[in-house]
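What's in protein-v2.txt: compact mmCIF, C-alpha atoms
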# COMPACT_ATOMS: atom_id res chain seq x y z
CA MET A 1233 52.38 -211.55 -155.34
CA ARG A 1234 53.69 -213.15 -158.48
CA SER A 1235 53.57 -211.13 -161.68
CA SER A 1236 50.68 -212.16 -163.91
CA PHE A 1237 50.82 -212.54 -167.68
CA ARG A 1238 49.62 -214.71 -170.53
CA TYR A 1239 51.88 -217.61 -171.49
CA ILE A 1240 52.45 -218.45 -175.15
CA ARG A 1241 54.50 -221.34 -176.48
CA PRO A 1242 54.67 -220.90 -180.26
CA ASN A 1243 55.04 -224.04 -182.36
CA SER A 1244 57.49 -222.55 -184.83
CA LEU A 1245 60.16 -219.89 -185.00
CA ASN A 1246 58.05 -217.90 -187.43
CA GLU A 1247 55.08 -218.01 -185.07
CA ALA A 1248 57.32 -216.88 -182.17
CA LEU A 1249 58.77 -213.97 -184.15
CA SER A 1250 55.32 -212.92 -185.40
CA CYS A 1251 54.01 -212.95 -181.87
CA LEU A 1252 56.96 -210.86 -180.63
CA ALA A 1253 56.63 -208.48 -183.60
CA GLN A 1254 53.02 -207.93 -182.61
CA GLN A 1255 53.46 -207.59 -178.84
CA ARG A 1256 56.86 -205.86 -178.89
CA GLU A 1257 57.72 -204.45 -175.43
CA ARG A 1258 54.61 -206.03 -173.96
CA ALA A 1259 56.29 -209.44 -174.27
CA ALA A 1260 59.15 -211.11 -172.40
CA VAL A 1261 60.98 -214.16 -173.70
CA ILE A 1262 61.45 -217.24 -171.51
CA ALA A 1263 63.68 -220.26 -172.13
CA GLY A 1264 64.99 -222.06 -169.03
CA GLY A 1265 63.36 -219.55 -166.70
CA THR A 1266 66.11 -219.70 -164.09
CA ASP A 1267 66.48 -215.91 -164.07
CA LEU A 1268 63.01 -214.82 -165.19
CA SER A 1269 61.26 -216.95 -162.54
CA VAL A 1270 62.98 -214.98 -159.80
CA THR A 1271 61.68 -211.73 -161.31
CA ILE A 1272 58.18 -213.25 -161.63
CA ARG A 1273 58.28 -214.45 -158.02
CA LYS A 1274 59.14 -210.94 -156.81
CA GLY A 1275 56.21 -209.58 -158.84
CA GLU A 1276 58.63 -207.44 -160.84
CA LEU A 1277 57.88 -208.64 -164.36
CA ASN A 1278 55.66 -206.03 -165.95
CA LYS A 1279 54.76 -207.78 -169.19
CA ASP A 1280 51.44 -208.88 -170.69
CA TYR A 1281 52.93 -211.91 -172.40
CA VAL A 1282 55.67 -214.43 -171.74
CA VAL A 1283 56.75 -216.19 -174.93
CA ASP A 1284 58.43 -219.57 -174.43
CA ILE A 1285 61.13 -220.31 -177.02
CA SER A 1286 62.66 -223.24 -175.14
CA ARG A 1287 61.34 -225.90 -177.53
CA LEU A 1288 61.98 -224.26 -180.90
CA PRO A 1289 64.16 -226.64 -182.95
CA GLU A 1290 66.12 -223.69 -184.44
CA ALA A 1291 67.06 -222.58 -180.95
CA LYS A 1292 68.15 -226.09 -179.91
CA ALA A 1293 70.43 -226.75 -182.90
CA VAL A 1294 74.15 -227.55 -182.86
CA GLU A 1295 75.60 -227.35 -186.37
CA LEU A 1296 79.00 -227.22 -188.02
CA ALA A 1297 78.90 -225.01 -191.09
CA ASP A 1298 81.45 -222.98 -193.06
CA GLY A 1299 84.20 -223.38 -190.50
CA ALA A 1300 82.03 -222.21 -187.62
CA LEU A 1301 79.96 -223.84 -184.91
CA MET A 1302 76.35 -222.67 -184.64
CA LEU A 1303 74.86 -223.07 -181.18
CA GLY A 1304 71.14 -222.54 -180.59
CA ALA A 1305 70.30 -220.06 -177.85
CA ALA A 1306 67.94 -222.46 -176.04
CA LEU A 1307 70.57 -225.14 -175.51
CA THR A 1308 70.85 -225.79 -171.80
CA PHE A 1309 74.23 -225.73 -170.06
CA THR A 1310 73.93 -229.49 -169.56
CA GLU A 1311 73.30 -230.02 -173.28
CA LEU A 1312 76.36 -227.89 -174.07
CA ILE A 1313 78.58 -229.72 -171.57
CA ARG A 1314 77.57 -233.10 -173.01
CA ASN A 1315 77.94 -232.20 -176.66
CA PRO A 1316 81.11 -233.68 -178.23
CA LEU A 1317 81.26 -230.90 -180.87
CA ILE A 1318 81.54 -228.32 -178.09
CA ALA A 1319 84.16 -230.36 -176.24
CA LYS A 1320 86.19 -230.41 -179.45
CA HIS A 1321 85.66 -226.99 -180.96
CA ALA A 1322 84.65 -224.74 -178.06
CA PRO A 1323 86.20 -226.28 -174.92
CA VAL A 1324 86.44 -223.01 -172.98
CA LEU A 1325 82.68 -222.68 -173.26
CA GLY A 1326 82.27 -226.24 -172.01
CA ALA A 1327 84.53 -225.51 -169.04
CA ALA A 1328 82.59 -222.32 -168.22
CA CYS A 1329 79.22 -224.08 -168.44
CA ARG A 1330 80.38 -226.71 -165.94
CA CYS A 1331 80.88 -223.92 -163.36
CA ILE A 1332 77.39 -222.47 -163.66
CA GLY A 1333 74.89 -222.77 -160.80
CA SER A 1334 74.14 -226.35 -159.85
CA VAL A 1335 73.10 -229.50 -161.69
CA GLN A 1336 69.49 -228.30 -161.45
CA ILE A 1337 70.31 -224.85 -162.84
CA ARG A 1338 72.45 -226.32 -165.64
CA ASN A 1339 69.62 -228.67 -166.62
CA ALA A 1340 67.28 -225.71 -167.18
CA GLY A 1341 69.32 -222.56 -167.81
CA THR A 1342 70.32 -221.71 -171.37
CA LEU A 1343 73.22 -220.04 -173.14
CA GLY A 1344 70.96 -217.46 -174.79
CA GLY A 1345 69.37 -216.67 -171.45
CA ASN A 1346 72.75 -216.23 -169.78
CA VAL A 1347 73.70 -213.61 -172.38
CA ALA A 1348 70.28 -211.93 -172.61
CA ASN A 1349 70.09 -211.57 -168.82
CA ALA A 1350 73.34 -209.60 -169.18
CA SER A 1351 74.71 -210.16 -165.70
CA PRO A 1352 78.31 -208.87 -165.56
CA ALA A 1353 79.13 -212.12 -163.72
CA ALA A 1354 77.68 -214.47 -166.38
CA ASP A 1355 80.13 -217.38 -166.61
CA SER A 1356 79.50 -218.13 -170.29
CA VAL A 1357 80.44 -214.63 -171.40
CA PRO A 1358 84.26 -214.61 -170.98
CA ALA A 1359 84.32 -218.03 -172.66
CA LEU A 1360 82.24 -216.80 -175.59
CA MET A 1361 84.53 -213.75 -175.82
CA VAL A 1362 87.72 -215.79 -176.26
CA HIS A 1363 85.96 -218.03 -178.80
CA ASN A 1364 85.17 -214.89 -180.86
CA ALA A 1365 81.45 -215.62 -180.64
CA ARG A 1366 78.99 -213.70 -182.78
CA VAL A 1367 75.40 -213.37 -181.68
CA LEU A 1368 72.59 -214.14 -184.12
CA VAL A 1369 69.82 -211.70 -183.31
CA GLN A 1370 66.59 -212.47 -185.11
CA SER A 1371 63.35 -210.62 -185.60
CA LEU A 1372 60.49 -211.22 -188.00
CA ALA A 1373 61.89 -208.66 -190.43
CA SER A 1374 65.63 -209.07 -190.14
CA GLN A 1375 68.68 -210.84 -188.78
CA ARG A 1376 71.63 -209.05 -187.21
CA VAL A 1377 75.01 -210.61 -186.45
CA LEU A 1378 76.60 -208.79 -183.52
CA THR A 1379 79.51 -209.18 -181.16
CA LEU A 1380 78.77 -209.83 -177.49
CA ALA A 1381 79.94 -206.35 -176.57
CA GLN A 1382 77.43 -204.97 -179.07
CA VAL A 1383 74.61 -206.98 -177.48
CA VAL A 1384 75.42 -206.47 -173.79
CA SER A 1385 75.49 -202.72 -173.29
CA GLY A 1386 75.81 -202.66 -169.50
CA PRO A 1387 74.82 -204.55 -166.35
CA TYR A 1388 71.46 -206.25 -167.05
CA THR A 1389 70.89 -204.19 -170.20
CA THR A 1390 71.12 -205.20 -173.84
CA THR A 1391 70.69 -203.56 -177.20
CA LEU A 1392 68.05 -206.11 -178.21
CA GLU A 1393 65.10 -204.31 -179.74
CA PRO A 1394 61.49 -205.22 -178.95
CA GLY A 1395 60.56 -208.11 -181.24
CA GLU A 1396 64.12 -209.46 -181.35
CA ILE A 1397 65.44 -212.65 -179.83
CA ILE A 1398 68.89 -214.18 -179.57
CA LEU A 1399 68.51 -217.18 -181.86
CA GLY A 1400 72.01 -218.54 -181.45
CA PHE A 1401 75.75 -218.03 -181.49
CA LEU A 1402 78.43 -218.54 -184.12
CA ILE A 1403 81.78 -219.69 -182.78
CA ASP A 1404 85.13 -220.01 -184.57
CA LEU A 1405 86.40 -223.57 -184.45
CA MET A 1406 89.33 -223.77 -182.07
CA PRO A 1407 92.37 -225.42 -183.71
CA SER A 1408 93.60 -228.43 -181.74
CA THR A 1409 96.98 -226.77 -181.11
CA TYR A 1410 95.37 -224.18 -178.82
CA ARG A 1411 95.45 -224.45 -175.04
CA PHE A 1412 92.82 -223.00 -172.73
CA SER A 1413 91.76 -222.37 -169.15
CA PHE A 1414 88.65 -221.09 -167.38
CA GLN A 1415 88.85 -220.11 -163.71
CA ARG A 1416 86.58 -218.28 -161.29
CA ILE A 1417 86.51 -216.84 -157.79
CA ALA A 1418 83.33 -217.25 -155.77
CA ARG A 1419 82.22 -217.89 -152.20
CA ARG A 1420 81.77 -221.58 -152.91
CA LYS A 1421 82.06 -223.85 -155.90
CA THR A 1422 78.39 -224.55 -156.51
CA LEU A 1423 75.49 -222.10 -156.63
CA SER A 1424 77.53 -218.98 -156.28
CA ILE A 1425 77.76 -215.89 -158.41
CA ALA A 1426 81.32 -215.34 -159.64
CA ARG A 1427 83.19 -212.48 -157.98
CA ALA A 1428 85.38 -212.67 -161.07
CA ASN A 1429 85.84 -215.21 -163.84
CA ALA A 1430 88.56 -215.49 -166.47
CA ALA A 1431 88.96 -217.30 -169.76
CA VAL A 1432 92.20 -217.78 -171.70
CA LEU A 1433 92.75 -219.27 -175.14
CA SER A 1434 96.27 -219.37 -176.48
CA CYS A 1435 98.52 -220.75 -179.18
CA GLN A 1436 102.32 -221.00 -179.32
CA ASN A 1437 104.62 -221.82 -182.23
CA SER A 1438 107.22 -224.58 -182.20
CA GLU A 1439 109.71 -222.24 -180.47
CA GLY A 1440 107.26 -221.66 -177.65
CA GLU A 1441 106.51 -218.10 -178.74
CA VAL A 1442 102.94 -216.98 -178.16
CA VAL A 1443 101.30 -216.34 -181.53
CA ASP A 1444 97.69 -215.90 -180.45
CA PHE A 1445 96.57 -214.96 -176.97
CA ARG A 1446 93.00 -214.19 -175.96
CA LEU A 1447 91.94 -213.14 -172.47
CA SER A 1448 88.54 -212.12 -171.18
CA VAL A 1449 87.66 -211.45 -167.55
CA GLY A 1450 84.09 -211.21 -166.32
CA SER A 1451 82.59 -209.18 -163.45
CA ILE A 1452 85.21 -206.46 -163.73
CA THR A 1453 83.74 -204.23 -166.43
CA PRO A 1454 80.17 -203.17 -167.26
CA ARG A 1455 80.31 -204.78 -170.71
CA PRO A 1456 81.99 -207.95 -171.92
CA CYS A 1457 85.56 -207.22 -172.93
CA ARG A 1458 88.81 -208.71 -174.15
CA LEU A 1459 91.86 -207.40 -172.32
CA SER A 1460 93.79 -206.26 -175.36
CA GLU A 1461 96.74 -204.66 -173.54
CA ALA A 1462 97.41 -207.82 -171.58
CA GLU A 1463 96.94 -209.86 -174.75
CA THR A 1464 99.48 -207.87 -176.75
CA HIS A 1465 101.89 -207.99 -173.83
CA LEU A 1466 102.28 -211.74 -174.28
CA VAL A 1467 102.08 -212.13 -178.05
CA GLY A 1468 105.51 -212.60 -179.67
CA HIS A 1469 107.15 -213.66 -176.41
CA ILE A 1470 108.05 -216.87 -174.71
CA PRO A 1471 105.86 -216.85 -171.59
CA SER A 1472 107.51 -216.26 -168.22
CA ILE A 1473 106.14 -215.69 -164.72
CA GLN A 1474 107.34 -212.09 -164.94
CA LEU A 1475 105.45 -211.44 -168.20
CA ILE A 1476 102.30 -213.05 -166.80
CA LYS A 1477 102.49 -210.91 -163.65
CA GLU A 1478 102.81 -207.79 -165.79
CA ALA A 1479 99.83 -208.91 -167.90
CA ALA A 1480 97.76 -209.39 -164.73
CA GLU A 1481 98.62 -205.85 -163.64
CA LEU A 1482 97.59 -204.53 -167.04
CA VAL A 1483 94.21 -206.25 -166.53
CA THR A 1484 93.45 -204.50 -163.25
CA ARG A 1485 94.67 -201.18 -164.64
CA GLU A 1486 92.14 -201.60 -167.46
CA MET A 1487 89.48 -202.64 -164.93
CA ILE A 1488 89.99 -199.44 -162.94
CA ARG A 1489 90.04 -197.34 -166.10
CA LYS A 1490 86.70 -198.79 -167.25
CA SER A 1491 84.89 -199.28 -163.94
CA GLY A 1492 86.55 -196.63 -161.74
CA VAL A 1493 87.83 -197.06 -158.19
CA ARG A 1494 84.93 -198.55 -156.27
CA SER A 1495 84.42 -199.65 -152.69
CA SER A 1496 85.26 -203.19 -153.83
CA THR A 1497 88.53 -202.24 -155.56
CA GLU A 1498 90.70 -202.86 -152.51
CA TYR A 1499 89.60 -206.51 -152.63
CA LYS A 1500 89.08 -206.85 -156.32
CA LYS A 1501 92.45 -205.57 -157.57
CA PRO A 1502 94.60 -208.22 -155.85
CA ALA A 1503 91.88 -210.87 -156.29
CA VAL A 1504 91.58 -210.29 -160.04
CA GLU A 1505 95.38 -210.13 -160.42
CA GLY A 1506 95.64 -213.46 -158.64
CA LEU A 1507 92.87 -214.96 -160.76
CA VAL A 1508 94.44 -213.80 -164.02
CA LEU A 1509 97.86 -215.02 -162.89
CA LYS A 1510 96.37 -218.42 -162.07
CA THR A 1511 94.45 -218.69 -165.34
CA ILE A 1512 97.35 -217.71 -167.61
CA THR A 1513 99.80 -219.85 -165.63
CA ASP A 1514 97.44 -222.78 -166.04
CA VAL A 1515 97.66 -222.44 -169.81
CA PHE A 1516 101.43 -222.06 -169.98
CA ARG A 1517 102.33 -224.48 -167.18
CA PRO A 1518 104.31 -226.89 -169.39
CA TYR A 1519 106.44 -223.97 -170.64
CA LEU A 1520 107.21 -222.21 -167.38
CA MET B 151 40.90 -217.22 -161.96
CA ASP B 152 39.78 -215.84 -165.35
CA GLY B 153 40.01 -216.49 -169.07
CA ASN B 154 43.78 -216.61 -168.70
CA MET B 155 43.68 -220.16 -167.39
CA LEU B 156 45.87 -222.55 -169.29
CA LYS B 157 45.34 -226.27 -169.74
CA ILE B 158 48.41 -228.48 -169.52
CA ALA B 159 48.84 -232.25 -169.74
CA PHE B 160 51.86 -234.24 -168.63
CA GLN B 161 52.96 -237.52 -167.13
CA LEU B 162 53.17 -237.32 -163.35
CA ASN B 163 54.76 -240.23 -161.51
CA GLY B 164 53.76 -242.57 -164.31
CA LYS B 165 50.18 -241.34 -164.77
CA GLU B 166 48.81 -239.06 -167.50
CA VAL B 167 47.34 -235.97 -165.86
CA SER B 168 45.85 -232.70 -167.07
CA ILE B 169 44.94 -229.55 -165.19
CA GLU B 170 44.03 -225.89 -165.65
CA ILE B 171 46.59 -223.52 -164.21
CA ASN B 172 47.39 -219.83 -164.03
CA PRO B 173 50.15 -218.93 -166.49
CA GLU B 174 52.31 -217.50 -163.71
CA ASP B 175 52.08 -220.53 -161.42
CA SER B 176 55.39 -222.24 -160.73
CA ALA B 177 55.68 -225.98 -161.25
CA LEU B 178 56.24 -226.27 -157.49
CA MET B 179 52.98 -224.48 -156.62
CA VAL B 180 50.95 -226.70 -158.94
CA LEU B 181 52.53 -229.93 -157.68
CA ARG B 182 52.01 -229.00 -154.04
CA ASP B 183 48.73 -227.08 -154.04
CA ARG B 184 46.84 -228.67 -156.93
CA PHE B 185 48.16 -232.24 -156.95
CA HIS B 186 48.73 -232.25 -153.18
CA LEU B 187 52.18 -233.74 -153.60
CA LYS B 188 53.90 -232.15 -150.63
CA GLY B 189 57.27 -233.85 -151.04
CA ALA B 190 58.88 -231.01 -152.99
CA LYS B 191 59.41 -228.06 -150.66
CA GLU B 192 59.91 -224.37 -151.11
CA GLY B 193 63.11 -223.54 -149.26
CA CYS B 194 64.52 -220.42 -150.84
CA GLY B 195 62.17 -220.03 -153.81
CA ILE B 196 65.01 -218.77 -156.01
CA GLY B 197 66.87 -221.91 -157.04
CA GLU B 198 69.60 -221.90 -154.43
CA CYS B 199 68.65 -224.70 -152.04
CA GLY B 200 67.33 -227.60 -154.14
CA ALA B 201 64.51 -228.51 -151.71
CA CYS B 202 62.05 -228.21 -154.62
CA THR B 203 64.01 -230.56 -156.91
CA ILE B 204 61.91 -232.72 -159.24
CA LEU B 205 62.84 -234.80 -162.28
CA VAL B 206 61.65 -233.57 -165.67
CA ASP B 207 62.38 -236.02 -168.47
CA GLY B 208 64.83 -237.64 -166.06
CA LEU B 209 66.79 -234.47 -165.29
CA ALA B 210 66.86 -232.78 -161.88
CA VAL B 211 65.48 -229.24 -161.98
CA ASN B 212 64.37 -226.67 -159.43
CA SER B 213 60.56 -226.70 -159.66
CA CYS B 214 60.41 -223.24 -158.06
CA LEU B 215 62.20 -221.82 -161.11
CA MET B 216 59.99 -223.53 -163.65
CA LEU B 217 56.62 -222.34 -164.83
CA ALA B 218 53.97 -225.04 -164.48
CA ALA B 219 53.13 -224.23 -168.10
CA GLN B 220 56.53 -225.63 -169.03
CA LEU B 221 55.62 -229.05 -167.63
CA ASP B 222 53.19 -229.53 -170.54
CA GLY B 223 54.06 -232.71 -172.45
CA ARG B 224 56.87 -233.65 -170.08
CA ASN B 225 57.52 -236.67 -167.92
CA VAL B 226 57.61 -235.51 -164.30
CA LYS B 227 58.72 -237.42 -161.24
CA THR B 228 58.43 -236.27 -157.63
CA VAL B 229 59.62 -238.05 -154.49
CA GLU B 230 56.15 -239.62 -154.23
CA GLY B 231 56.90 -241.41 -157.50
CA LEU B 232 59.97 -243.17 -156.09
CA VAL B 233 57.84 -245.78 -154.33
CA HIS B 234 57.03 -248.76 -156.54
CA GLN B 235 54.27 -251.19 -155.51
CA GLU B 236 54.54 -249.97 -151.95
CA LYS B 237 58.25 -250.69 -151.93
CA MET B 238 60.68 -247.88 -151.24
CA ASP B 239 63.45 -246.95 -153.65
CA ILE B 240 66.82 -248.37 -152.61
CA LEU B 241 67.95 -244.77 -152.01
CA GLN B 242 65.14 -244.21 -149.53
CA GLU B 243 66.09 -247.38 -147.67
CA LYS B 244 69.74 -246.38 -147.56
CA PHE B 245 68.97 -242.83 -146.41
CA ILE B 246 67.10 -244.29 -143.43
CA GLU B 247 69.78 -246.89 -142.74
CA HIS B 248 72.61 -244.32 -142.77
CA GLY B 249 70.81 -241.66 -140.77
CA ALA B 250 70.98 -239.35 -143.79
CA ILE B 251 67.78 -237.62 -142.65
CA GLN B 252 67.35 -235.29 -139.72
CA CYS B 253 64.64 -232.66 -140.21
CA GLY B 254 63.82 -234.11 -143.62
CA PHE B 255 63.18 -230.82 -145.42
CA CYS B 256 65.93 -231.37 -147.97
CA THR B 257 65.43 -235.13 -148.28
CA PRO B 258 62.98 -235.32 -151.22
CA GLY B 259 65.26 -233.09 -153.29
CA MET B 260 68.37 -235.03 -152.25
CA LEU B 261 66.69 -238.32 -153.18
CA LEU B 262 65.71 -237.07 -156.63
CA SER B 263 69.14 -235.60 -157.38
CA ALA B 264 70.65 -238.92 -156.34
CA ARG B 265 68.11 -240.88 -158.38
CA ALA B 266 68.91 -238.83 -161.51
CA LEU B 267 72.60 -239.55 -160.96
CA LEU B 268 72.17 -243.31 -160.48
CA ASP B 269 69.84 -243.62 -163.48
CA GLU B 270 72.55 -242.13 -165.63
CA ASN B 271 75.60 -243.54 -163.92
CA PRO B 272 74.86 -246.66 -161.82
CA SER B 273 78.33 -246.76 -160.26
CA PRO B 274 79.39 -243.15 -159.61
CA ASP B 275 82.60 -242.31 -157.75
CA HIS B 276 82.63 -240.18 -154.60
CA ASP B 277 83.27 -236.92 -156.49
CA SER B 278 80.40 -237.52 -158.91
CA ILE B 279 78.04 -238.08 -155.99
CA VAL B 280 79.20 -234.90 -154.26
CA GLU B 281 78.77 -232.95 -157.49
CA ALA B 282 75.31 -234.39 -158.18
CA LEU B 283 74.19 -233.37 -154.68
CA SER B 284 75.93 -230.00 -154.57
CA GLY B 285 72.75 -228.17 -155.61
CA ASN B 286 70.92 -229.51 -152.56
CA LEU B 287 71.56 -227.76 -149.28
CA CYS B 288 71.19 -229.59 -145.98
CA ARG B 289 71.58 -227.73 -142.68
CA CYS B 290 71.38 -230.81 -140.43
CA THR B 291 73.41 -233.79 -141.56
CA GLY B 292 76.62 -232.24 -142.81
CA TYR B 293 76.25 -234.32 -145.99
CA VAL B 294 78.55 -237.17 -144.92
CA GLN B 295 75.71 -239.64 -144.24
CA VAL B 296 73.90 -238.54 -147.39
CA VAL B 297 76.89 -239.29 -149.60
CA GLU B 298 77.46 -242.60 -147.80
CA ALA B 299 73.82 -243.58 -148.36
CA VAL B 300 74.12 -242.93 -152.10
CA GLU B 301 77.43 -244.82 -152.27
CA ASP B 302 75.84 -247.75 -150.48
CA ALA B 303 72.77 -247.72 -152.75
CA ALA B 304 75.04 -247.78 -155.81
CA ALA B 305 77.17 -250.61 -154.36
CA GLU B 306 74.11 -252.70 -153.53
CA ARG B 307 72.72 -252.44 -157.04
CA GLU B 308 76.07 -253.54 -158.44
CA SER B 309 76.43 -256.61 -156.25
Can the structure from this file be put into structure tokens for me?
Amino acid sequence: MRSSFRYIRPNSLNEALSCLAQQRERAAVIAGGTDLSVTIRKGELNKDYVVDISRLPEAKAVELADGALMLGAALTFTELIRNPLIAKHAPVLGAACRCIGSVQIRNAGTLGGNVANASPAADSVPALMVHNARVLVQSLASQRVLTLAQVVSGPYTTTLEPGEIILGFLIDLMPSTYRFSFQRIARRKTLSIARANAAVLSCQNSEGEVVDFRLSVGSITPRPCRLSEAETHLVGHIPSIQLIKEAAELVTREMIRKSGVRSSTEYKKPAVEGLVLKTITDVFRPYL
Amino acid sequence: MDGNMLKIAFQLNGKEVSIEINPEDSALMVLRDRFHLKGAKEGCGIGECGACTILVDGLAVNSCLMLAAQLDGRNVKTVEGLVHQEKMDILQEKFIEHGAIQCGFCTPGMLLSARALLDENPSPDHDSIVEALSGNLCRCTGYVQVVEAVEDAAAERES
């Protein structure tokens, strides 16, 4: 039996926040519904109200302001993929969104929903991490600006308080001199949950030395993370296959330190090393 | 059921409709059980097979993953809406011609995914067709005939 609830679609952001402030933990938020519908179908949503924020203009906005890109949480993956501002300023996010689900899922699923659902395998998350995304968390009384790691506290759990929604994301504009790659491992290309996914954003100076290197790998740790040891390993050097291999090993060492040795480690260690090797190599290909 | 019933109004295959629904009803349930449009199917029920694909404001979505409440104010097309003045859509003709149908369970979803593609890109290349259909699983045809049918439909419209 499907879960039952009352459905509310507020006409304004203020109305939505007031409603959530009133109902608090009795309310769930829906946008695209691609995750929540599965919970509803199983009869596992124990909420009195479902509040639909998918049509709020504030949550659909794409704006350039003060050197940052503001992306509304209710933008669908398709809307993100097609937006020229994202192609220009946040291309890793665009690449990640193209890998999500299927056409049908991308036409409905939203960026805010992908983060709020807090799956360790969420494809948008490593991309948001290398773009230094901040999360705009809004309630009737206040606004908080948090990092992704502050919002996603573990698999399928967030630090969002009752009454709060993710309103949007702030992303640093990527300078045009940066190079990037997003890669994933999954059973098939479409409609598969990533076994691991990796995002790289990097910049080199005129001598070919790496001056900025950002790496995030999804599905390997309980919370979103940047692999700082691997990052530092490359900064200040001219990239070589040897350095990249060492960086990939640093990634799996950090994975085991944070997630422990699990039944999947025998597969995951070489698989993640291979994925990281492939992603970093992709970025530095012209220099290797 | 009770005072929780919700009234929604939307455009369905070109006609304005309105109906009272339960808030938890999926779009698929309402289309099939209330409007008796049996083209969209429930295959997996969790958005993995595409048999329930419909077009909402011209975009292909899984109707099993959408609340019927979210159809309110939208323009909805199901496979039944592909027929114009008793004439089949070119895609339907080509699916038949190419043997792109065996059991037929996936066909309505395939047709709508293909229709959304052609409406946006009238002359798609092979890869675009494969990508547009990759959210629709078919366990009979092996996809080759389906892709050929869409290619042929696109070519015919061009000529």
At a cut-off of 10 Å, which residues of chain A touch chain B? Count only C-alpha atoms and give the answer as a PyMOL selection string.
chain A and resi 1234-1241+1262-1274+1281-1282+1284+1286-1287+1310+1333-1341+1421-1424
Answer as JSON, numbers by chain, residues within 7 Å of (69.6, -218.8, -172.3) using only C-alpha atoms
{"A": [1263, 1264, 1305, 1306, 1341, 1342, 1343, 1344, 1345, 1346, 1347, 1348]}
Tell me which protein, DNA and RNA residues are within 12 Å of A:Gln1436, counting only C-alpha atoms, leaving out same-chain ones fewer than 4 positions away, and put them as a list in words.
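Within the cut-off, the hits are Pro1407, Ser1408, Thr1409, Tyr1410, Arg1411, Phe1412, Gly1440, Glu1441, Val1442, Val1443, Asp1444, Phe1445, Leu1466, Val1467, Gly1468, His1469, Ile1470, Pro1471, Val1515, Phe1516, Pro1518 and Tyr1519 of chain A.
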Just give me the gap between atom CA of A:Gln1415 and atom CA of A:His1465 in Å, one decimal is fine.
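For atom CA of A:Gln1415 relative to atom CA of A:His1465, the distance reads 20.5 Å.
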Any idea what's packed within 6 Å of stretch 179-193 of chain B, counting all atoms listed in the file, ignoring anything in its chain fewer than 6 positions away? Could you give it as an MDAnalysis selection string?
chainID B and resid 201:202 229 258
I need the residues from that last selection saved to file as a tab-separated table (two decimals), keeping the file's coordinate frame (with C-alpha atoms), if you can.
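New file selection.tsv:
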chain	number	residue	atom	x	y	z
B	201	ALA	CA	64.51	-228.51	-151.71
B	202	CYS	CA	62.05	-228.21	-154.62
B	229	VAL	CA	59.62	-238.05	-154.49
B	258	PRO	CA	62.98	-235.32	-151.22
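Coordinates place atom CA of A:Ser1371 at a distance of 13.4 Å from atom CA of A:Glu1290.
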